[in-house]
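This report concerns only the one structure given below.
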Amino acid sequence: MVKIKYNYIAIEGNIGAGKTSLAKMIANQFNAKLILEQFEDNSFLPKFYKDPSKYAFPLEMSFLADRYHQLKELLTLRDLFKTFTISDYFINKSLIFAKKTLQNDEFSLYVKLFDIINASLPKPDLLVYLYMDVDNLKKNILKRGRSYEKNIEISYLEKIQSGYLDYIKQQKNMRILILNTNNIDFINNNKEYKDIINILSNEYTQEIHRITLG
């Protein structure tokens with residue numbers, strides 16, 4: 001039987017990469033504690049997609065506060081009946097998005113607040129990044145049909161993608177697994193999902209691993 005050897009896994013990726021779907025599937029199979037980002041409750045999100053320059057700062061600040069409160073509560077509360085914890089986001093995504101959406105002076109202030117918050121949160125034992133080309137991301141976004149996402153531009157997805165990849169390159173002493181999922185459908189293809197599970201069952205050293213699936 002396949003086992004997951006990590007206590008805390010964070011699934012990351014660009015908008016539409018399938019983070020939430022994969023986290024749910026893994027949590028269900030392994031009886032893991034599931035943490036899902038509550039982004040749909042953010043009233044600034046639809047406003048931001050319509051007028052990014054006006055609503056970027058309140059959006060990023062509200063996301064940071066919401067993520068911090070959720071992770072602080074759920075990561076420090078142990079559940080003896082769950083095998084491990086898996087989340088569909090990592091707190092550092094706040095910094096990645098803010099760097100691409102905020103003005104320089106806004107971002108400088110944001111970083112000061114982020115550093116205070118980040119210091120008090122546990123770090124994942126493994127960060128999994130789902131890599132997907134922006135054209136495929138856009139298709140997934142349109143397919144799931146959220147009205148406030150339909151006008152997301154390719155250029156915005158490209159900025160976020162580059163932000164994630166730049167962040168990953170800068171990391172040291174952190175287990176990071178990059179899964180290229182452009183040519184697979186782990187939601188509807190059980191074999192391809194099992195392939196991901198087999199990869200996650202490995203123990204990785206403190207370095208970046210890149211694996212192309214499909």
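Every chain in the structure tokens takes a letter, A first, then B, and so on in the order presented; its residues are numbered from 1, and the ligands are numbered from 1 following the presented order.
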>> Can you tell me which residues surround region 119-131 of chain A at a distance of at most 6 Å, considering only C-alpha atoms, apart from same-chain residues fewer than 3 positions away, and format the answer as a list of chain:residue names?
In response: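 The filter keeps A:Tyr8, A:Ile9, A:Ala10, A:Ile11, A:Glu12, A:Gly13, A:Ile116, A:Arg175, A:Ile176, A:Leu177, A:Ile178, A:Leu179, A:Asn180.
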Quick one: write out the picked residues with N, CA and C atoms as a CSV table (one decimal), in the first residue's frame?
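And here is the file that came out, result36.csv:
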```csv
chain,number,residue,atom,x,y,z
A,8,TYR,N,2.9,17.5,6.3
A,8,TYR,CA,2.2,18.7,5.8
A,8,TYR,C,2.7,19.0,4.4
A,9,ILE,N,1.7,18.8,3.5
A,9,ILE,CA,2.0,19.1,2.0
A,9,ILE,C,1.1,20.2,1.6
A,10,ALA,N,1.7,21.1,0.8
A,10,ALA,CA,1.0,22.3,0.2
A,10,ALA,C,1.0,22.1,-1.3
A,11,ILE,N,-0.1,22.2,-1.9
A,11,ILE,CA,-0.3,22.1,-3.4
A,11,ILE,C,-0.4,23.5,-3.9
A,12,GLU,N,0.5,23.9,-4.8
A,12,GLU,CA,0.4,25.2,-5.4
A,12,GLU,C,0.4,25.2,-6.9
A,13,GLY,N,0.1,26.3,-7.5
A,13,GLY,CA,0.0,26.4,-8.9
A,13,GLY,C,-0.7,27.6,-9.3
A,116,ILE,N,6.2,39.6,9.2
A,116,ILE,CA,5.8,39.4,10.6
A,116,ILE,C,4.8,38.2,10.7
A,175,ARG,N,11.9,21.3,0.3
A,175,ARG,CA,11.5,20.3,-0.6
A,175,ARG,C,10.5,20.8,-1.6
A,176,ILE,N,10.8,20.9,-2.9
A,176,ILE,CA,9.8,21.4,-3.8
A,176,ILE,C,9.7,20.4,-5.0
A,177,LEU,N,8.5,20.0,-5.3
A,177,LEU,CA,8.3,19.1,-6.4
A,177,LEU,C,7.5,19.8,-7.5
A,178,ILE,N,8.0,19.9,-8.7
A,178,ILE,CA,7.3,20.5,-9.8
A,178,ILE,C,6.7,19.4,-10.7
A,179,LEU,N,5.4,19.4,-10.8
A,179,LEU,CA,4.8,18.4,-11.7
A,179,LEU,C,4.2,19.1,-12.9
A,180,ASN,N,4.8,18.8,-14.1
A,180,ASN,CA,4.3,19.3,-15.4
A,180,ASN,C,3.0,18.5,-15.7
```
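Every residue of region 76-112 of chain A found in alpha helix (DSSP H) when DSSP is run on the backbone appears here: Thr76, Lys93, Ser94, Leu95, Ile96, Phe97, Ala98, Lys99, Lys100, Thr101, Asn104, Asp105, Glu106, Phe107, Ser108, Leu109, Tyr110, Val111 and Lys112 of chain A.
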Residues as selected, N, CA and C atoms, written as a compact mmCIF listing (two decimals), in the first residue's frame, can you do that?
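Resulting contents of again.txt:
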```txt
# COMPACT_ATOMS: atom_id res chain seq x y z
N THR A 76 -2.07 24.68 13.71
CA THR A 76 -1.65 24.50 15.11
C THR A 76 -2.61 23.58 15.88
N LYS A 93 2.23 32.32 -1.39
CA LYS A 93 1.57 32.77 -2.61
C LYS A 93 1.12 34.22 -2.47
N SER A 94 0.88 34.65 -1.23
CA SER A 94 0.51 36.04 -0.98
C SER A 94 1.59 36.97 -1.50
N LEU A 95 2.83 36.63 -1.20
CA LEU A 95 3.97 37.46 -1.62
C LEU A 95 4.16 37.41 -3.14
N ILE A 96 3.95 36.24 -3.71
CA ILE A 96 4.12 36.07 -5.16
C ILE A 96 3.11 36.90 -5.93
N PHE A 97 1.84 36.84 -5.52
CA PHE A 97 0.80 37.60 -6.21
C PHE A 97 0.99 39.11 -5.98
N ALA A 98 1.29 39.48 -4.74
CA ALA A 98 1.43 40.90 -4.43
C ALA A 98 2.56 41.55 -5.22
N LYS A 99 3.64 40.82 -5.41
CA LYS A 99 4.78 41.37 -6.15
C LYS A 99 4.40 41.69 -7.59
N LYS A 100 3.44 40.96 -8.12
CA LYS A 100 3.03 41.17 -9.51
C LYS A 100 1.88 42.18 -9.66
N THR A 101 1.18 42.46 -8.57
CA THR A 101 -0.02 43.30 -8.69
C THR A 101 0.12 44.68 -8.03
N ASN A 104 5.37 49.67 -6.27
CA ASN A 104 6.59 49.43 -5.49
C ASN A 104 6.44 49.85 -4.03
N ASP A 105 5.86 51.02 -3.77
CA ASP A 105 5.72 51.48 -2.40
C ASP A 105 4.71 50.63 -1.63
N GLU A 106 3.67 50.19 -2.31
CA GLU A 106 2.68 49.31 -1.68
C GLU A 106 3.31 47.96 -1.35
N PHE A 107 4.11 47.47 -2.28
CA PHE A 107 4.72 46.17 -2.07
C PHE A 107 5.73 46.20 -0.91
N SER A 108 6.46 47.30 -0.77
CA SER A 108 7.42 47.43 0.33
C SER A 108 6.70 47.34 1.67
N LEU A 109 5.57 48.01 1.79
CA LEU A 109 4.78 47.93 3.03
C LEU A 109 4.23 46.52 3.22
N TYR A 110 3.79 45.94 2.14
CA TYR A 110 3.21 44.59 2.19
C TYR A 110 4.24 43.57 2.70
N VAL A 111 5.47 43.67 2.23
CA VAL A 111 6.52 42.74 2.62
C VAL A 111 6.78 42.81 4.12
N LYS A 112 6.77 44.01 4.69
CA LYS A 112 6.99 44.17 6.13
C LYS A 112 5.91 43.42 6.92
```
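Across chain A, DSSP run on the backbone finds strand (DSSP E) at Tyr8, Ile9, Ala10, Ile11, Glu12, Gly13, Lys33, Leu34, Ile35, Thr85, Ile86, Ser87, Leu126, Leu127, Val128, Tyr129, Leu130, Tyr131, Ile176, Leu177, Ile178, Leu179, Asn180, Ile208, His209, Arg210, Ile211 and Thr212 of chain A.
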Next, write the just-selected residues to a file, as a JSON list (two decimals), in the first residue's frame, keeping N, CA and C atoms as the atom set.
```
[["chain", "number", "residue", "atom", "x", "y", "z"],
["A", 8, "TYR", "N", 2.93, 17.55, 6.34],
["A", 8, "TYR", "CA", 2.22, 18.72, 5.83],
["A", 8, "TYR", "C", 2.66, 18.97, 4.39],
["A", 9, "ILE", "N", 1.72, 18.83, 3.47],
["A", 9, "ILE", "CA", 1.96, 19.06, 2.05],
["A", 9, "ILE", "C", 1.12, 20.24, 1.59],
["A", 10, "ALA", "N", 1.73, 21.15, 0.84],
["A", 10, "ALA", "CA", 1.01, 22.26, 0.23],
["A", 10, "ALA", "C", 1.03, 22.10, -1.28],
["A", 11, "ILE", "N", -0.14, 22.15, -1.90],
["A", 11, "ILE", "CA", -0.26, 22.09, -3.35],
["A", 11, "ILE", "C", -0.38, 23.51, -3.88],
["A", 12, "GLU", "N", 0.49, 23.87, -4.81],
["A", 12, "GLU", "CA", 0.45, 25.21, -5.38],
["A", 12, "GLU", "C", 0.39, 25.15, -6.90],
["A", 13, "GLY", "N", 0.12, 26.30, -7.50],
["A", 13, "GLY", "CA", 0.04, 26.40, -8.94],
["A", 13, "GLY", "C", -0.72, 27.65, -9.33],
["A", 33, "LYS", "N", -6.08, 15.65, 6.77],
["A", 33, "LYS", "CA", -6.72, 16.91, 7.14],
["A", 33, "LYS", "C", -6.61, 17.87, 5.96],
["A", 34, "LEU", "N", -7.73, 18.40, 5.50],
["A", 34, "LEU", "CA", -7.77, 19.21, 4.29],
["A", 34, "LEU", "C", -7.97, 20.69, 4.63],
["A", 35, "ILE", "N", -7.10, 21.53, 4.07],
["A", 35, "ILE", "CA", -7.23, 22.98, 4.23],
["A", 35, "ILE", "C", -7.42, 23.58, 2.85],
["A", 85, "THR", "N", -1.59, 16.52, 6.93],
["A", 85, "THR", "CA", -2.32, 17.71, 6.51],
["A", 85, "THR", "C", -1.96, 18.06, 5.08],
["A", 86, "ILE", "N", -2.96, 18.39, 4.29],
["A", 86, "ILE", "CA", -2.72, 18.84, 2.92],
["A", 86, "ILE", "C", -3.55, 20.09, 2.66],
["A", 87, "SER", "N", -2.95, 21.07, 2.02],
["A", 87, "SER", "CA", -3.65, 22.32, 1.72],
["A", 87, "SER", "C", -3.53, 22.63, 0.23],
["A", 126, "LEU", "N", 6.63, 19.43, 2.20],
["A", 126, "LEU", "CA", 6.77, 19.31, 0.75],
["A", 126, "LEU", "C", 5.84, 20.32, 0.08],
["A", 127, "LEU", "N", 6.41, 21.09, -0.84],
["A", 127, "LEU", "CA", 5.63, 22.01, -1.66],
["A", 127, "LEU", "C", 5.54, 21.42, -3.06],
["A", 128, "VAL", "N", 4.31, 21.19, -3.53],
["A", 128, "VAL", "CA", 4.09, 20.63, -4.86],
["A", 128, "VAL", "C", 3.55, 21.73, -5.76],
["A", 129, "TYR", "N", 4.26, 21.99, -6.85],
["A", 129, "TYR", "CA", 3.81, 23.01, -7.80],
["A", 129, "TYR", "C", 3.29, 22.33, -9.07],
["A", 130, "LEU", "N", 2.03, 22.57, -9.38],
["A", 130, "LEU", "CA", 1.43, 22.04, -10.60],
["A", 130, "LEU", "C", 1.68, 23.02, -11.73],
["A", 131, "TYR", "N", 2.56, 22.64, -12.63],
["A", 131, "TYR", "CA", 2.90, 23.52, -13.76],
["A", 131, "TYR", "C", 2.00, 23.21, -14.95],
["A", 176, "ILE", "N", 10.77, 20.88, -2.85],
["A", 176, "ILE", "CA", 9.82, 21.38, -3.85],
["A", 176, "ILE", "C", 9.73, 20.38, -5.00],
["A", 177, "LEU", "N", 8.52, 19.98, -5.32],
["A", 177, "LEU", "CA", 8.28, 19.06, -6.42],
["A", 177, "LEU", "C", 7.45, 19.77, -7.48],
["A", 178, "ILE", "N", 8.01, 19.90, -8.69],
["A", 178, "ILE", "CA", 7.30, 20.52, -9.80],
["A", 178, "ILE", "C", 6.75, 19.43, -10.71],
["A", 179, "LEU", "N", 5.43, 19.39, -10.84],
["A", 179, "LEU", "CA", 4.78, 18.41, -11.71],
["A", 179, "LEU", "C", 4.23, 19.10, -12.95],
["A", 180, "ASN", "N", 4.77, 18.76, -14.09],
["A", 180, "ASN", "CA", 4.26, 19.28, -15.36],
["A", 180, "ASN", "C", 3.03, 18.46, -15.74],
["A", 208, "ILE", "N", 15.01, 20.96, -5.51],
["A", 208, "ILE", "CA", 13.87, 21.05, -6.42],
["A", 208, "ILE", "C", 13.89, 19.86, -7.39],
["A", 209, "HIS", "N", 12.75, 19.19, -7.51],
["A", 209, "HIS", "CA", 12.61, 18.05, -8.43],
["A", 209, "HIS", "C", 11.55, 18.40, -9.47],
["A", 210, "ARG", "N", 11.87, 18.15, -10.72],
["A", 210, "ARG", "CA", 10.94, 18.44, -11.82],
["A", 210, "ARG", "C", 10.56, 17.12, -12.50],
["A", 211, "ILE", "N", 9.27, 16.89, -12.61],
["A", 211, "ILE", "CA", 8.79, 15.66, -13.23],
["A", 211, "ILE", "C", 7.69, 16.01, -14.24],
["A", 212, "THR", "N", 7.85, 15.51, -15.46],
["A", 212, "THR", "CA", 6.83, 15.71, -16.50],
["A", 212, "THR", "C", 5.95, 14.47, -16.57]]
```
>> Just want the 10 Å neighbourhood of region 143-152 of chain A, counted on only C-alpha atoms, with same-chain residues fewer than 6 positions away dropped. Output as an MDAnalysis selection string.
In response: chainID A and resid 15:16 40 45:50 137
Output as JSON lines one row per residue of region 114-191 of chain A within 10 Å of region 60-67 of chain A: the closest atom pair and its distance in Å to one decimal place, counting only C-alpha atoms, sorted by chain and residue number ascending.
```
{"residue": "A:Phe114", "atom": "CA", "partner": "A:Leu64", "partner_atom": "CA", "distance": 7.6}
{"residue": "A:Ile117", "atom": "CA", "partner": "A:Leu64", "partner_atom": "CA", "distance": 8.7}
{"residue": "A:Asn118", "atom": "CA", "partner": "A:Leu64", "partner_atom": "CA", "distance": 9.9}
```
Same residues, C-alpha atoms, saved as a PDB file, in the first residue's frame:
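Saved to again07.pdb:
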```
ATOM      1  CA  PHE A 114       4.079  39.560   5.420  1.00  0.00           C
ATOM      2  CA  ILE A 117       2.948  36.996   9.742  1.00  0.00           C
ATOM      3  CA  ASN A 118       5.031  34.377   7.964  1.00  0.00           C
TER       4      ASN A 118
END
```
>> Could you tell me how far CA of Gly214 (chain A) sits from CA of Ile199 (chain A), in Å to one decimal place?
In response: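 Computing it gives 13.2 Å between the two atoms.
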> Could you state the separation of CA of Thr83 (chain A) and CA of Ala27 (chain A) in Å, given to one decimal place?
Replying inline: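 Taking CA of Thr83 (chain A) as the start and CA of Ala27 (chain A) as the end point, the length is 9.1 Å.
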>> When you look at Lys172 (chain A) with a cut-off of 12 Å (counting only C-alpha atoms), what residues show up, excluding the ones that are within fewer than 2 positions of it in the same chain? I need them as a list in words.
In response: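 Answer for this query is Tyr167, Ile168, Lys169, Gln170, Met174, Arg175, Ile176, Thr205, Gln206, Glu207 and Ile208 of chain A.
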May I have the selected residues written with N, CA and C atoms, as a compact mmCIF listing (two decimals), in the first residue's frame?
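Here's the written file part38.txt:
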```txt
# COMPACT_ATOMS: atom_id res chain seq x y z
N TYR A 167 10.15 32.48 -7.63
CA TYR A 167 10.18 32.15 -6.21
C TYR A 167 10.82 30.79 -5.98
N ILE A 168 10.42 29.81 -6.78
CA ILE A 168 10.94 28.45 -6.63
C ILE A 168 12.46 28.42 -6.84
N LYS A 169 12.94 29.15 -7.84
CA LYS A 169 14.38 29.16 -8.12
C LYS A 169 15.19 29.72 -6.96
N GLN A 170 14.59 30.59 -6.18
CA GLN A 170 15.31 31.26 -5.10
C GLN A 170 15.33 30.45 -3.80
N MET A 174 14.50 23.58 0.98
CA MET A 174 13.06 23.35 0.97
C MET A 174 12.75 22.28 -0.07
N ARG A 175 11.92 21.32 0.31
CA ARG A 175 11.53 20.28 -0.64
C ARG A 175 10.46 20.83 -1.58
N ILE A 176 10.77 20.88 -2.85
CA ILE A 176 9.82 21.38 -3.85
C ILE A 176 9.73 20.38 -5.00
N THR A 205 14.91 15.00 -1.05
CA THR A 205 15.89 15.77 -0.29
C THR A 205 15.55 17.25 -0.40
N GLN A 206 16.36 18.08 0.22
CA GLN A 206 16.10 19.52 0.24
C GLN A 206 16.52 20.16 -1.09
N GLU A 207 15.81 19.86 -2.15
CA GLU A 207 16.12 20.44 -3.44
C GLU A 207 14.88 20.39 -4.32
N ILE A 208 15.01 20.96 -5.51
CA ILE A 208 13.87 21.05 -6.42
C ILE A 208 13.89 19.86 -7.39
```
>> Counting only C-alpha atoms, which residue out of A:Leu71, A:Leu165, A:Met132, A:Leu77 sits closest to Asn182 (chain A)?
In response: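 The closest residue to Asn182 (chain A) is A:Met132.
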> Do you have the CA of Lys3 (chain A)-CA of Lys82 (chain A) distance handy?
Replying inline: 13.4 Å
> Which of these, A:Leu59, A:Lys5, A:Ile26, A:Phe90, has the shortest distance to Lys194 (chain A) once you count only C-alpha atoms?
Replying inline: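 Once distances to Lys194 (chain A) are computed over only C-alpha atoms, the minimum belongs to A:Ile26.
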>> Using only C-alpha atoms, which protein or nucleic acid residues come within 7 Å of region 183-186 of chain A? Drop anything in the same chain fewer than 4 positions from it, and give the result as a list in words.
In response: Asn190, Glu192, Tyr193, Leu213 and Gly214 of chain A
